[in-house]
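Listing of protein29.tsv, TSV, C-alpha atoms
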chain	number	residue	atom	x	y	z
A	301	MET	CA	105.91	83.15	43.14
A	302	ARG	CA	108.27	82.67	40.25
A	303	GLU	CA	107.70	80.88	36.95
A	304	LYS	CA	110.37	78.40	37.80
A	305	ASP	CA	108.59	77.38	41.00
A	306	ILE	CA	105.21	77.18	39.27
A	307	SER	CA	106.66	75.12	36.49
A	308	ARG	CA	108.36	72.80	38.95
A	309	LEU	CA	105.18	72.35	40.98
A	310	LEU	CA	103.07	71.75	37.93
A	311	THR	CA	105.37	69.36	36.15
A	312	ASP	CA	105.78	67.23	39.21
A	313	GLU	CA	104.41	63.72	38.97
A	314	TYR	CA	102.48	63.95	42.23
A	315	ALA	CA	101.43	67.59	42.65
A	316	GLU	CA	98.64	67.35	40.13
A	317	ARG	CA	97.25	64.17	41.69
A	318	ILE	CA	97.33	65.75	45.15
A	319	LEU	CA	95.48	68.82	43.93
A	320	VAL	CA	92.83	66.67	42.27
A	321	ALA	CA	92.53	64.51	45.39
A	322	THR	CA	91.93	67.44	47.73
A	323	GLN	CA	89.68	69.51	45.52
A	324	VAL	CA	86.27	68.33	46.69
A	325	GLN	CA	86.86	67.24	50.26
A	326	PRO	CA	89.68	67.50	52.79
A	327	ARG	CA	91.85	64.41	52.94
A	328	SER	CA	94.66	63.10	55.07
A	329	VAL	CA	98.14	62.46	53.73
A	330	GLN	CA	97.67	58.72	54.26
A	331	GLU	CA	94.41	58.72	52.34
A	332	ILE	CA	95.91	60.66	49.41
A	333	SER	CA	98.89	58.34	49.36
A	334	ASP	CA	96.66	55.23	49.29
A	335	ARG	CA	94.07	56.40	46.81
A	336	TYR	CA	96.42	58.02	44.36
A	337	ASP	CA	99.28	55.58	44.64
A	338	ILE	CA	101.89	58.06	45.90
A	339	PRO	CA	104.75	56.83	48.12
A	340	ILE	CA	104.05	58.17	51.61
A	341	ALA	CA	107.33	60.07	52.11
A	342	ALA	CA	106.99	61.77	48.72
A	343	CYS	CA	103.37	62.52	49.55
A	344	TYR	CA	104.32	64.33	52.80
A	345	ARG	CA	107.09	66.23	51.07
A	346	LYS	CA	104.95	67.34	48.17
A	347	ILE	CA	102.00	68.30	50.38
A	348	HIS	CA	104.26	70.52	52.50
A	349	GLU	CA	105.64	72.08	49.36
A	350	LEU	CA	102.14	72.75	48.01
A	351	GLU	CA	101.10	74.14	51.41
A	352	GLY	CA	104.13	76.45	51.41
A	353	ALA	CA	103.26	77.68	47.93
A	354	GLY	CA	99.67	78.43	48.99
A	355	PHE	CA	97.99	75.70	46.96
A	356	LEU	CA	96.81	73.69	49.98
A	357	ARG	CA	95.87	74.35	53.55
A	358	VAL	CA	94.96	72.33	56.61
A	359	ALA	CA	91.17	72.40	56.68
A	360	GLU	CA	90.62	70.26	59.73
A	361	ILE	CA	92.50	68.39	62.41
A	362	VAL	CA	90.79	65.19	63.46
A	363	THR	CA	91.55	62.64	66.15
A	364	THR	CA	91.72	59.03	65.06
A	365	PRO	CA	90.16	56.21	67.17
A	366	LYS	CA	93.69	55.45	68.34
A	367	GLY	CA	94.00	58.96	69.72
A	368	LYS	CA	96.38	60.32	67.10
A	369	THR	CA	95.74	63.66	65.51
A	370	MET	CA	95.57	63.82	61.76
A	371	LYS	CA	95.60	66.84	59.49
A	372	LEU	CA	93.15	66.99	56.61
A	373	TYR	CA	94.27	69.06	53.64
A	374	ARG	CA	92.15	70.94	51.15
A	375	SER	CA	93.09	72.48	47.84
A	376	LEU	CA	92.89	76.28	47.65
A	377	LEU	CA	92.92	76.20	43.90
A	378	ARG	CA	89.53	77.08	42.42
A	379	SER	CA	90.56	76.55	38.83
A	380	ALA	CA	93.60	76.08	36.67
A	381	GLN	CA	94.04	76.25	32.93
A	382	LEU	CA	97.04	74.96	31.10
A	383	VAL	CA	97.17	75.87	27.44
A	384	TYR	CA	99.64	74.77	24.82
A	385	GLU	CA	99.36	76.67	21.54
A	386	GLU	CA	101.89	77.11	18.77
A	387	GLY	CA	104.67	75.64	20.86
A	388	VAL	CA	103.99	77.85	23.88
A	389	PHE	CA	102.95	76.62	27.31
A	390	ARG	CA	100.88	79.01	29.43
A	391	VAL	CA	99.11	78.53	32.72
A	392	LYS	CA	96.51	80.49	34.66
A	393	PHE	CA	95.32	79.90	38.21
A	394	GLU	CA	92.37	81.15	40.23
A	395	PHE	CA	92.63	80.70	43.96
A	396	ASP	CA	89.98	80.82	46.68
A	397	TYR	CA	91.80	83.81	48.17
A	398	GLU	CA	93.74	86.91	47.11
A	399	LYS	CA	96.99	85.82	45.55
A	400	ASP	CA	99.53	87.65	43.40
A	401	ILE	CA	99.18	85.29	40.45
A	402	ASN	CA	95.37	85.10	40.40
A	403	GLY	CA	94.00	85.21	36.86
A	404	LYS	CA	97.34	85.98	35.23
A	405	TRP	CA	98.61	84.05	32.26
A	406	ILE	CA	102.09	82.80	33.00
A	407	GLN	CA	104.34	81.65	30.20
A	408	LEU	CA	106.30	78.56	31.08
A	409	ASN	CA	108.58	77.82	28.14
A	410	ALA	CA	111.73	79.38	29.56
A	411	ALA	CA	111.21	77.56	32.85
A	412	ILE	CA	110.59	74.22	31.13
A	413	HIS	CA	113.65	74.73	28.96
A	414	ALA	CA	115.96	75.39	31.87
B	82	MET	CA	89.27	63.81	8.03
B	83	GLY	CA	87.67	60.34	8.35
B	84	PHE	CA	90.77	58.59	9.71
B	85	GLU	CA	89.01	57.34	12.82
B	86	SER	CA	86.60	55.22	10.86
B	87	PHE	CA	89.47	53.08	9.60
B	88	GLU	CA	91.04	52.55	12.96
B	89	ASN	CA	88.37	50.33	14.43
B	90	ASN	CA	89.62	47.09	12.95
B	91	GLY	CA	90.64	45.32	16.13
B	92	THR	CA	94.33	46.21	16.03
B	93	PRO	CA	95.73	48.40	18.81
B	94	SER	CA	96.01	51.96	17.64
B	95	PRO	CA	96.79	55.21	19.41
B	96	ALA	CA	93.09	56.05	19.30
B	97	ASN	CA	92.18	52.83	21.09
B	98	GLN	CA	94.71	53.50	23.80
B	99	ASP	CA	93.48	57.04	24.26
B	100	ALA	CA	90.02	55.72	24.88
B	101	GLU	CA	91.35	54.07	28.02
B	102	MET	CA	93.28	57.09	29.23
B	103	ASN	CA	91.65	59.12	31.98
B	104	PRO	CA	91.97	62.91	32.02
B	105	LEU	CA	94.69	62.80	34.66
B	106	GLN	CA	96.81	60.46	32.57
B	107	ALA	CA	96.18	62.59	29.49
B	108	SER	CA	97.08	65.73	31.40
B	109	GLN	CA	100.26	64.19	32.74
B	110	LEU	CA	101.45	63.57	29.20
B	111	LEU	CA	101.81	67.34	29.10
B	112	THR	CA	102.66	68.25	32.66
B	113	ASP	CA	105.34	65.65	33.16
B	114	GLU	CA	108.64	67.55	33.17
B	115	TYR	CA	110.33	65.37	30.58
B	116	SER	CA	107.26	65.09	28.36
B	117	ALA	CA	106.88	68.88	28.31
B	118	LYS	CA	110.53	69.20	27.33
B	119	ILE	CA	110.18	66.61	24.58
B	120	LEU	CA	107.11	68.38	23.20
B	121	LEU	CA	109.06	71.64	23.06
B	122	ALA	CA	112.13	69.94	21.57
B	123	THR	CA	110.11	68.35	18.75
B	124	TYR	CA	108.01	71.41	17.94
B	125	LYS	CA	108.48	72.22	14.24
B	126	ARG	CA	111.71	70.26	14.29
B	127	ARG	CA	112.94	66.74	13.52
B	128	ILE	CA	115.14	65.59	16.33
B	129	SER	CA	116.57	62.33	17.68
B	130	ALA	CA	116.21	60.95	21.20
B	131	GLN	CA	119.94	61.41	21.83
B	132	GLU	CA	119.82	65.05	20.84
B	133	ILE	CA	116.75	65.75	23.02
B	134	SER	CA	118.43	64.00	25.92
B	135	HIS	CA	121.59	66.03	25.47
B	136	ARG	CA	119.98	69.43	24.93
B	137	TYR	CA	117.35	69.18	27.63
B	138	GLY	CA	119.27	67.22	30.20
B	139	ILE	CA	116.95	64.20	30.20
B	140	PRO	CA	118.52	60.85	31.17
B	141	ILE	CA	118.58	58.78	27.98
B	142	ALA	CA	116.52	55.84	29.28
B	143	ALA	CA	113.80	58.15	30.60
B	144	CYS	CA	113.94	60.05	27.31
B	145	TYR	CA	113.26	56.88	25.30
B	146	ARG	CA	110.50	55.88	27.68
B	147	LYS	CA	108.71	59.23	27.48
B	148	ILE	CA	109.15	59.40	23.72
B	149	ARG	CA	107.44	56.02	23.44
B	150	ALA	CA	104.56	57.17	25.68
B	151	LEU	CA	104.08	60.34	23.64
B	152	GLU	CA	104.31	58.36	20.41
B	153	GLU	CA	101.70	55.86	21.60
B	154	ALA	CA	99.39	58.72	22.53
B	155	GLY	CA	99.86	60.15	19.05
B	156	LEU	CA	101.39	63.44	20.24
B	157	ILE	CA	104.72	62.92	18.50
B	158	VAL	CA	105.61	60.82	15.49
B	159	CYS	CA	108.74	59.26	14.07
B	160	VAL	CA	109.18	60.93	10.69
B	161	ASP	CA	112.47	59.44	9.56
B	162	ARG	CA	115.04	56.76	10.32
B	163	ILE	CA	118.41	58.03	9.30
B	164	LEU	CA	121.73	56.21	9.17
B	165	THR	CA	124.41	57.64	11.46
B	166	GLN	CA	128.09	57.78	10.50
B	167	LYS	CA	128.63	54.72	12.63
B	168	GLY	CA	126.05	52.84	10.61
B	169	LYS	CA	123.37	52.84	13.29
B	170	ARG	CA	119.73	53.73	12.71
B	171	LYS	CA	118.49	56.85	14.39
B	172	ASN	CA	114.82	57.83	14.65
B	173	LEU	CA	113.88	61.45	14.12
B	174	TYR	CA	110.76	62.66	15.89
B	175	THR	CA	108.48	65.60	15.40
B	176	SER	CA	105.54	66.88	17.42
B	177	CYS	CA	102.05	66.50	15.94
B	178	LEU	CA	100.38	68.32	18.78
B	179	LYS	CA	98.89	71.58	17.55
B	180	ASN	CA	97.07	72.77	20.65
B	181	ALA	CA	96.29	71.32	24.04
B	182	TYR	CA	93.99	72.52	26.78
B	183	ILE	CA	93.87	71.24	30.31
B	184	PHE	CA	91.13	72.68	32.46
B	185	PHE	CA	90.73	72.02	36.12
B	186	GLU	CA	87.64	73.47	37.76
B	187	ASN	CA	84.93	72.41	40.21
B	188	GLY	CA	87.03	69.41	41.07
B	189	ARG	CA	86.95	68.19	37.50
B	190	LEU	CA	89.87	67.75	35.20
B	191	ARG	CA	89.40	67.81	31.45
B	192	ALA	CA	91.89	67.63	28.65
B	193	ARG	CA	91.63	68.32	24.96
B	194	PHE	CA	94.32	67.60	22.40
B	195	GLN	CA	94.16	69.02	18.88
B	196	LEU	CA	96.50	67.23	16.54
B	197	ALA	CA	98.06	68.64	13.39
B	198	THR	CA	95.88	66.23	11.37
B	199	GLY	CA	92.78	67.99	12.67
B	200	THR	CA	91.84	65.15	15.01
B	201	VAL	CA	90.49	66.30	18.36
B	202	ARG	CA	90.71	64.06	21.42
B	203	ASP	CA	88.82	64.89	24.59
B	204	PHE	CA	89.33	63.37	28.01
B	205	GLY	CA	87.14	63.84	31.04
B	206	GLY	CA	83.85	64.41	29.36
B	207	ASP	CA	81.96	67.15	27.73
B	208	TRP	CA	83.39	70.33	26.37
B	209	ASN	CA	80.07	71.91	25.52
B	210	GLY	CA	80.16	75.62	26.02
B	211	LEU	CA	83.84	75.65	25.23
B	212	ASP	CA	83.27	75.67	21.52
B	213	LEU	CA	85.31	78.80	21.20
B	214	LEU	CA	88.33	76.54	21.41
B	215	ARG	CA	87.21	74.70	18.31
B	216	GLN	CA	88.73	76.44	15.37
Translate this file's structure into structure tokens.
Amino acid sequence: MREKDISRLLTDEYAERILVATQVQPRSVQEISDRYDIPIAACYRKIHELEGAGFLRVAEIVTTPKGKTMKLYRSLLRSAQLVYEEGVFRVKFEFDYEKDINGKWIQLNAAIHA
Amino acid sequence: MGFESFENNGTPSPANQDAEMNPLQASQLLTDEYSAKILLATYKRRISAQEISHRYGIPIAACYRKIRALEEAGLIVCVDRILTQKGKRKNLYTSCLKNAYIFFENGRLRARFQLATGTVRDFGGDWNGLDLLRQ
């Protein structure tokens, strides 16, 4: 995963809210959209992007009373630290699984600048 | 540093607004793409909104809006109002954010801003055990 992608994910208006929303319990796209005031289309798009980047996964598939199936998403991020010191942005992630960027400080300035 | 003690006189101040900000809102002051760019643009520099917009590719209206939000939160400050060659006033901004920490763990989001004045603002509750960040 490249700095540019991380920076883009992190500096997105909705990604952070989605990750907070799905941290404790799995939630459906509709529920995230309602509770965190995210337009539904943007919510689907961003959730798929986060899923593709390994930040989220489908934890459960439930059937609604109307017989529709609904995916519940859960965050795979155990912790994240964003530090800004002396004009430098750095970020560090810990995931629930083996991932290339686990525990590594990633400098973001160049990516933010671009 | 006793500035805070003078701020509680009923008038809106950045400190009062911060009190209402939740950690997610505080965090998004930093993680918003344009806000992050503005913080970098104003670091150890005095720069106008037009110049930030031009250099960092931020639409001018959004640039003004984000500058105002950062100013209200006390992270940047207008240090000068200069006269342009066309006789218009132009505000120059500089960052007053020294350090910032955003921690997300156990489903909790916390943010800490350290301003150049020495003021520390915490969002999302207690930072006990993280005293190593206090300089």
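Within 10 Å of A:Glu316, once all atoms listed in the file are used and residues closer than 5 positions along the same chain are dropped, the contacting residues are Leu309, Leu310, Thr311 and Ala321 of chain A; Leu105, Ser108, Gln109, Thr112 and Asp113 of chain B.
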Give me, as an mmCIF file with C-alpha atoms, in the frame of the given file, the contact residues of chain B against chain A at a cut-off of 6 Å, counting only C-alpha atoms.
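What landed in selection_1.cif:
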data_model
loop_
_atom_site.group_PDB
_atom_site.id
_atom_site.type_symbol
_atom_site.label_atom_id
_atom_site.label_comp_id
_atom_site.auth_asym_id
_atom_site.auth_seq_id
_atom_site.Cartn_x
_atom_site.Cartn_y
_atom_site.Cartn_z
ATOM 1 C CA THR B 112 102.660 68.250 32.660
ATOM 2 C CA ASP B 113 105.340 65.650 33.160
ATOM 3 C CA GLU B 114 108.640 67.550 33.170
ATOM 4 C CA ASN B 180 97.070 72.770 20.650
ATOM 5 C CA ALA B 181 96.290 71.320 24.040
ATOM 6 C CA TYR B 182 93.990 72.520 26.780
ATOM 7 C CA ILE B 183 93.870 71.240 30.310
ATOM 8 C CA PHE B 184 91.130 72.680 32.460
ATOM 9 C CA PHE B 185 90.730 72.020 36.120
ATOM 10 C CA GLU B 186 87.640 73.470 37.760
ATOM 11 C CA GLY B 188 87.030 69.410 41.070
#
Query raised in the report: Could you pull the residues within 10 Å of stretch 134-149 of chain B, counting only C-alpha atoms, minus those fewer than 4 positions along the same chain, as a list in words?
Result: Ile412, His413 and Ala414 of chain A; Leu110, Asp113, Glu114, Tyr115, Ser116, Ala117, Lys118, Ile119, Leu120, Leu121, Ala122, Ser129, Ala130, Glu153, Ala154, Gly155, Leu156, Ile157, Val158, Cys159 and Tyr174 of chain B
Legend entry - Surrounding residues of A:Arg327 excluding itself and chain neighbours under 4 positions, 12 Å, only C-alpha atoms, as JSON, numbers by chain: {"A": [318, 319, 320, 321, 322, 323, 331, 332, 333, 334, 335, 336, 347, 356, 357, 358, 359, 360, 361, 362, 370, 371, 372, 373, 374, 375]}
Item to check | Residues within 6 Å of stretch 171-173 of chain B, all atoms listed in the file, excluding chain neighbours under 3 positions, as a list in words | outcome: Arg127, Ile128, Ser129, Cys159, Val160, Asp161, Arg162 and Ile163 of chain B
The distance between atom CA of A:Thr364 and atom CA of A:Leu350 is 24.2 Å
- Task: Name the residues in contact with B:Gln195 at a cut-off of 8 Å, using only C-alpha atoms, excluding same-chain residues fewer than 5 positions from it; report them as a list in words.
- Result: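 Contacts, in chain order: Leu178, Lys179, Asn180, Ala181, Thr200, Val201 and Arg202 of chain B.
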ask   = Could you work out how far atom CA of A:Leu408 lies from atom CA of B:Gly205, giving the answer in Å with one decimal?
value =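 Value for the atom CA of B:Gly205-atom CA of A:Leu408 distance: 24.2 Å.
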Between atom CA of B:Thr198 and atom CA of B:Pro104, measure the distance and give it in Å to one decimal.
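Atom-to-atom, atom CA of B:Thr198 and atom CA of B:Pro104 are spaced 21.3 Å apart.
You can rank A:Ser328, A:Ala342, A:Lys399, A:His348 by their closest distance to A:Thr369 using all atoms listed in the file, and at the top of that list sits A:Ser328.
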Worksheet item: For the point (113.1, 76.9, 37.8) in file coordinates, what residues are within 6 Å, counting all atoms listed in the file? Give the answer as a ChimeraX atom specification?
Response: /A:304-305,411
